[in-house]
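Below: the structure, in structure tokens.
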Amino acid sequence: MNSVVFGANGFIGSHVCAALLGAGHRVRAFDISRDFHSLAHLDSPLLETFTGDFLDRMTVKQALKGMDWVFHLVSTTIPSSSNSNMVFDVQTNVVASIELLEECVASGIKRLIFASSGGTVYGCPATDPVSEESPKQPIVSYGCTKLAIEHYCQLFQYQTGLRTISLRLANPYGPGHHGMSQGAIPVFLKRIRSGKPVSVWGDGCVTRDYVYVDDLAGAFLDAASYQGHESIFNIGSGQGVSLLELISLLKEETGRQFEVIHEAGRNYDVPRIVLDVSRAGNELGWTATTPLREGIRRTWQHLLAQEPHHHE
């Protein structure tokens, strides 16, 4: 298939590109980036890079030409900062996504896979683990906009027949996570590498579902060829790990001692969220296969092989 990946130079996007190429699909990698450093290791005649702004509708229209599948992984905000500018969050994410959906219909796209958020759309979960049917009561704008985009995806599917699937992703981690602001595992590992203390919010009992990025990329591939009727899937490990448990794993796998500083809890952190991933298993035949310990080991080895960045 001809696939366009929006947000291809991002952490998850680059791994989705690799998975698509690995399965023999042609990939148009769309990103605002000029250098596509996250894709530098992918040397394939099936890969084409396309520099453009997701917020520019005409550019998006060009990128869709001749494509079958669309992977929407662009987000202009992250959960921790989304509340500080909610209007921007809606204008850039929701509006641009509706424009993308309209252009997909006009371009005759067969299918769109959207990266939603398993960590934020549910808010404080009513059940443990939390299933796709659980109430959605986000406590961050990021979760509100992801949920709104999911609804528009379903609306377009109902009205136009464009097949859409939303994947509610757990907390991704793995090699090549460049951001310093998001994701406990990459942030902690980078601090450990540079001999700095690790900050834990609250008592360290905040519990999350961590999923290895290659497993996650596989879910996008499975969703792209899925023939059933479901449109929304939780994608995670189905296992809860607290920050304190995570820190003890990091100590074991890095073999390094580091200071742990406890800071005040953050008002956008729900205490515990673990995804029920049985629907993905039953419908997509997908399951996360990389154990957390193994994933941390690979991420750490990859990080050690990189040049340290000066801003750590």
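Chain labels A, B, ... are given in the sequence in which chains occur in the structure tokens; within each chain residues are numbered consecutively from 1, and ligands are likewise numbered from 1 in the order shown.
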For Thr287 of chain A, please output as a PDB file with N, CA and C atoms, in the first residue's frame all residues within 10 Å (counting only C-alpha atoms; exclusion window: fewer than 4 positions along the same chain).
ATOM      1  N   ASP A 215       6.406  -2.544  19.607  1.00  0.00           N
ATOM      2  CA  ASP A 215       5.112  -3.214  19.770  1.00  0.00           C
ATOM      3  C   ASP A 215       3.995  -2.266  19.319  1.00  0.00           C
ATOM      4  N   LEU A 216       4.119  -1.024  19.738  1.00  0.00           N
ATOM      5  CA  LEU A 216       3.141   0.012  19.396  1.00  0.00           C
ATOM      6  C   LEU A 216       3.036   0.187  17.875  1.00  0.00           C
ATOM      7  N   GLY A 218       3.642  -1.935  15.638  1.00  0.00           N
ATOM      8  CA  GLY A 218       2.959  -3.107  15.104  1.00  0.00           C
ATOM      9  C   GLY A 218       1.444  -2.972  15.154  1.00  0.00           C
ATOM     10  N   ALA A 219       0.940  -2.286  16.186  1.00  0.00           N
ATOM     11  CA  ALA A 219      -0.507  -2.081  16.309  1.00  0.00           C
ATOM     12  C   ALA A 219      -1.045  -1.211  15.174  1.00  0.00           C
ATOM     13  N   ILE A 235      -4.272   0.451  23.253  1.00  0.00           N
ATOM     14  CA  ILE A 235      -3.010  -0.190  22.870  1.00  0.00           C
ATOM     15  C   ILE A 235      -1.995   0.046  23.990  1.00  0.00           C
ATOM     16  N   GLY A 236      -1.750  -0.993  24.767  1.00  0.00           N
ATOM     17  CA  GLY A 236      -0.806  -0.884  25.882  1.00  0.00           C
ATOM     18  C   GLY A 236      -0.327  -2.268  26.278  1.00  0.00           C
ATOM     19  N   SER A 237       0.353  -2.331  27.411  1.00  0.00           N
ATOM     20  CA  SER A 237       0.856  -3.631  27.883  1.00  0.00           C
ATOM     21  C   SER A 237      -0.188  -4.334  28.737  1.00  0.00           C
ATOM     22  N   GLY A 238      -1.150  -3.560  29.267  1.00  0.00           N
ATOM     23  CA  GLY A 238      -2.130  -4.129  30.181  1.00  0.00           C
ATOM     24  C   GLY A 238      -1.589  -4.340  31.588  1.00  0.00           C
ATOM     25  N   VAL A 277      -6.494  -4.289  27.324  1.00  0.00           N
ATOM     26  CA  VAL A 277      -6.139  -4.417  25.901  1.00  0.00           C
ATOM     27  C   VAL A 277      -6.737  -5.669  25.249  1.00  0.00           C
ATOM     28  N   SER A 278      -7.780  -6.217  25.883  1.00  0.00           N
ATOM     29  CA  SER A 278      -8.340  -7.465  25.350  1.00  0.00           C
ATOM     30  C   SER A 278      -8.997  -7.273  23.983  1.00  0.00           C
ATOM     31  N   ARG A 279      -9.591  -6.094  23.725  1.00  0.00           N
ATOM     32  CA  ARG A 279     -10.218  -5.880  22.412  1.00  0.00           C
ATOM     33  C   ARG A 279      -9.171  -5.937  21.294  1.00  0.00           C
ATOM     34  N   ALA A 280      -8.031  -5.302  21.527  1.00  0.00           N
ATOM     35  CA  ALA A 280      -6.959  -5.338  20.514  1.00  0.00           C
ATOM     36  C   ALA A 280      -6.500  -6.782  20.283  1.00  0.00           C
ATOM     37  N   GLY A 281      -6.436  -7.552  21.362  1.00  0.00           N
ATOM     38  CA  GLY A 281      -6.038  -8.956  21.237  1.00  0.00           C
ATOM     39  C   GLY A 281      -7.047  -9.759  20.430  1.00  0.00           C
ATOM     40  N   ASN A 282      -8.330  -9.591  20.777  1.00  0.00           N
ATOM     41  CA  ASN A 282      -9.386 -10.369  20.123  1.00  0.00           C
ATOM     42  C   ASN A 282      -9.616  -9.944  18.683  1.00  0.00           C
TER      43      ASN A 282
END
Looking only at the backbone, which of the residues in segment 174-287 of chain A does DSSP tag as alpha helix (DSSP H), as a ChimeraX atom specification?
-> /A:184-193,213-225,243-254,278-279
Can you build me a table of segment 122-219 of chain A residues sitting at most 8 Å from segment 4-19 of chain A, with the closest atom pair per residue and its distance in Å to one decimal, using only C-alpha atoms, sorted by chain and residue number, as a tab-separated table?
residue	atom	partner	partner_atom	distance
A:Pro172	CA	A:Ile12	CA	7.8
A:Gly176	CA	A:Phe11	CA	6.5
A:His177	CA	A:Phe11	CA	5.4
A:His178	CA	A:Phe11	CA	7.2
A:Val213	CA	A:Ile12	CA	6.6
A:Asp214	CA	A:His15	CA	6.5
A:Leu216	CA	A:Ile12	CA	7.9
A:Ala217	CA	A:Val16	CA	4.7
A:Gly218	CA	A:Ala19	CA	6.6
Since we have the selection now, will you write its residues out, keeping N, CA and C atoms, as a tab-separated table (two decimals), in the first residue's frame?
chain	number	residue	atom	x	y	z
A	172	PRO	N	4.31	5.32	25.65
A	172	PRO	CA	5.32	4.69	24.81
A	172	PRO	C	6.73	4.99	25.32
A	176	GLY	N	15.45	6.05	20.74
A	176	GLY	CA	15.18	7.14	19.81
A	176	GLY	C	14.14	8.14	20.30
A	177	HIS	N	13.88	8.15	21.60
A	177	HIS	CA	12.93	9.13	22.15
A	177	HIS	C	13.71	10.39	22.49
A	178	HIS	N	13.61	11.41	21.62
A	178	HIS	CA	14.52	12.56	21.77
A	178	HIS	C	14.04	13.61	22.77
A	213	VAL	N	7.94	0.79	22.00
A	213	VAL	CA	7.54	1.49	20.77
A	213	VAL	C	7.43	0.56	19.55
A	214	ASP	N	8.25	-0.48	19.47
A	214	ASP	CA	8.14	-1.40	18.32
A	214	ASP	C	6.83	-2.19	18.38
A	216	LEU	N	4.12	-1.02	19.74
A	216	LEU	CA	3.14	0.01	19.40
A	216	LEU	C	3.04	0.19	17.87
A	217	ALA	N	4.17	0.25	17.21
A	217	ALA	CA	4.18	0.43	15.75
A	217	ALA	C	3.47	-0.74	15.08
A	218	GLY	N	3.64	-1.94	15.64
A	218	GLY	CA	2.96	-3.11	15.10
A	218	GLY	C	1.44	-2.97	15.15
Mind checking DSSP for segment 9-176 of chain A and telling me the strand (DSSP E) residues as a PyMOL selection string?
-> chain A and resi 26-31+47-51+69-72+111-117+163-169+171-173
Preceding selection exported with C-alpha atoms as a short mmCIF file (atom, residue, chain, number, x, y, z; two decimals), in the first residue's frame:
data_model
loop_
_atom_site.label_atom_id
_atom_site.label_comp_id
_atom_site.auth_asym_id
_atom_site.auth_seq_id
_atom_site.Cartn_x
_atom_site.Cartn_y
_atom_site.Cartn_z
CA ARG A 26 5.66 2.50 0.28
CA VAL A 27 5.94 5.34 2.78
CA ARG A 28 5.67 9.09 2.38
CA ALA A 29 7.06 10.55 5.59
CA PHE A 30 5.47 13.94 6.29
CA ASP A 31 6.92 16.25 8.94
CA LEU A 47 10.74 5.80 1.60
CA GLU A 48 10.05 9.38 0.49
CA THR A 49 10.36 12.37 2.83
CA PHE A 50 7.98 15.30 2.54
CA THR A 51 8.68 18.48 4.51
CA TRP A 69 -3.51 4.72 4.05
CA VAL A 70 -3.08 7.79 6.28
CA PHE A 71 -1.43 7.66 9.71
CA HIS A 72 -2.19 10.75 11.81
CA ARG A 111 -8.29 4.37 5.62
CA LEU A 112 -7.06 6.70 8.37
CA ILE A 113 -5.40 5.55 11.59
CA PHE A 114 -5.35 8.16 14.37
CA ALA A 115 -3.01 8.16 17.37
CA SER A 116 -5.25 8.93 20.34
CA SER A 117 -4.32 8.81 24.01
CA ARG A 163 -12.63 3.93 7.31
CA THR A 164 -11.12 5.37 10.48
CA ILE A 165 -9.52 3.68 13.46
CA SER A 166 -8.38 5.42 16.64
CA LEU A 167 -5.66 3.81 18.77
CA ARG A 168 -5.66 4.92 22.40
CA LEU A 169 -1.98 4.58 23.17
CA ASN A 171 2.85 5.42 27.62
CA PRO A 172 5.32 4.69 24.81
CA TYR A 173 9.05 4.28 25.41
#
Quick one: of A:Val198, A:Ala223, A:Ala126, A:Ile232, who's nearest to Ser248 of chain A, counting only C-alpha atoms?
-> A:Val198
Would you list the contacts of Pro129 of chain A as a VMD selection string, taking every protein, DNA or RNA residue within 6 Å and counting only C-alpha atoms, but skipping same-chain residues closer than 4 positions in sequence?
-> chain A and resid 274 to 276
Selection file, C-alpha atoms, as a PDB file, in the first residue's frame:
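What ended up in selection.pdb:
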ATOM      1  CA  VAL A 274      -3.794   0.692  33.162  1.00  0.00           C
ATOM      2  CA  LEU A 275      -5.409  -0.190  29.839  1.00  0.00           C
ATOM      3  CA  ASP A 276      -7.580  -3.234  29.223  1.00  0.00           C
TER       4      ASP A 276
END
If we count only C-alpha atoms, what is near Pro271 of chain A at a cut-off of 9 Å, once residues fewer than 3 positions away on the same chain are taken out, given as a ChimeraX atom specification?
-> /A:124,205-208
Atomic distance atom CA of Asp56 of chain A - atom CA of Lys146 of chain A, expressed in Å with one decimal |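 About the pair atom CA of Asp56 of chain A and atom CA of Lys146 of chain A: they are 19.8 Å apart.
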Work out how far apart atom CA of Thr254 of chain A and atom CA of Gly204 of chain A are and give it in Å to one decimal.
->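 Atom CA of Gly204 of chain A lies 19.5 Å from atom CA of Thr254 of chain A.
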Proximity to Met67 of chain A - best of A:Thr289, A:Ser107, A:Ser242, A:Ser141, only C-alpha atoms | A:Ser107
Pick from A:Glu150, A:Ser131, A:Asn2, A:Tyr210, whichever lies nearest to Ala63 of chain A using only C-alpha atoms | A:Asn2
Any chance you could tabulate, as a Markdown table, the residues of segment 88-155 of chain A at most 8 Å from segment 73-81 of chain A with each one's nearest atom pair and distance in Å to one decimal, using only C-alpha atoms, in chain and rising number order?
| residue | atom | partner | partner_atom | distance |
| --- | --- | --- | --- | --- |
| A:Asp89 | CA | A:Thr77 | CA | 6.5 |
| A:Thr92 | CA | A:Thr76 | CA | 6.7 |
| A:Asn93 | CA | A:Ser75 | CA | 6.3 |
| A:Phe114 | CA | A:Leu73 | CA | 6.5 |
| A:Ala115 | CA | A:Leu73 | CA | 5.3 |
| A:Thr120 | CA | A:Pro79 | CA | 7.6 |
| A:Val140 | CA | A:Pro79 | CA | 6.4 |
| A:Ser141 | CA | A:Pro79 | CA | 7.3 |
| A:Tyr142 | CA | A:Pro79 | CA | 5.2 |
| A:Gly143 | CA | A:Pro79 | CA | 7.5 |
Please produce an output containing C-alpha atoms for each residue in the selection, written as an mmCIF file, in the first residue's frame.
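Wrote it out as out-v2.cif, contents follow:
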data_model
loop_
_atom_site.group_PDB
_atom_site.id
_atom_site.type_symbol
_atom_site.label_atom_id
_atom_site.label_comp_id
_atom_site.auth_asym_id
_atom_site.auth_seq_id
_atom_site.Cartn_x
_atom_site.Cartn_y
_atom_site.Cartn_z
ATOM 1 C CA ASP A 89 -4.801 23.108 21.473
ATOM 2 C CA THR A 92 -4.194 23.464 15.919
ATOM 3 C CA ASN A 93 -5.213 19.880 16.708
ATOM 4 C CA PHE A 114 -5.351 8.162 14.369
ATOM 5 C CA ALA A 115 -3.005 8.155 17.371
ATOM 6 C CA THR A 120 -5.629 11.023 29.037
ATOM 7 C CA VAL A 140 -6.295 17.766 30.579
ATOM 8 C CA SER A 141 -7.111 19.643 27.377
ATOM 9 C CA TYR A 142 -4.905 17.151 25.483
ATOM 10 C CA GLY A 143 -7.381 14.388 26.372
#
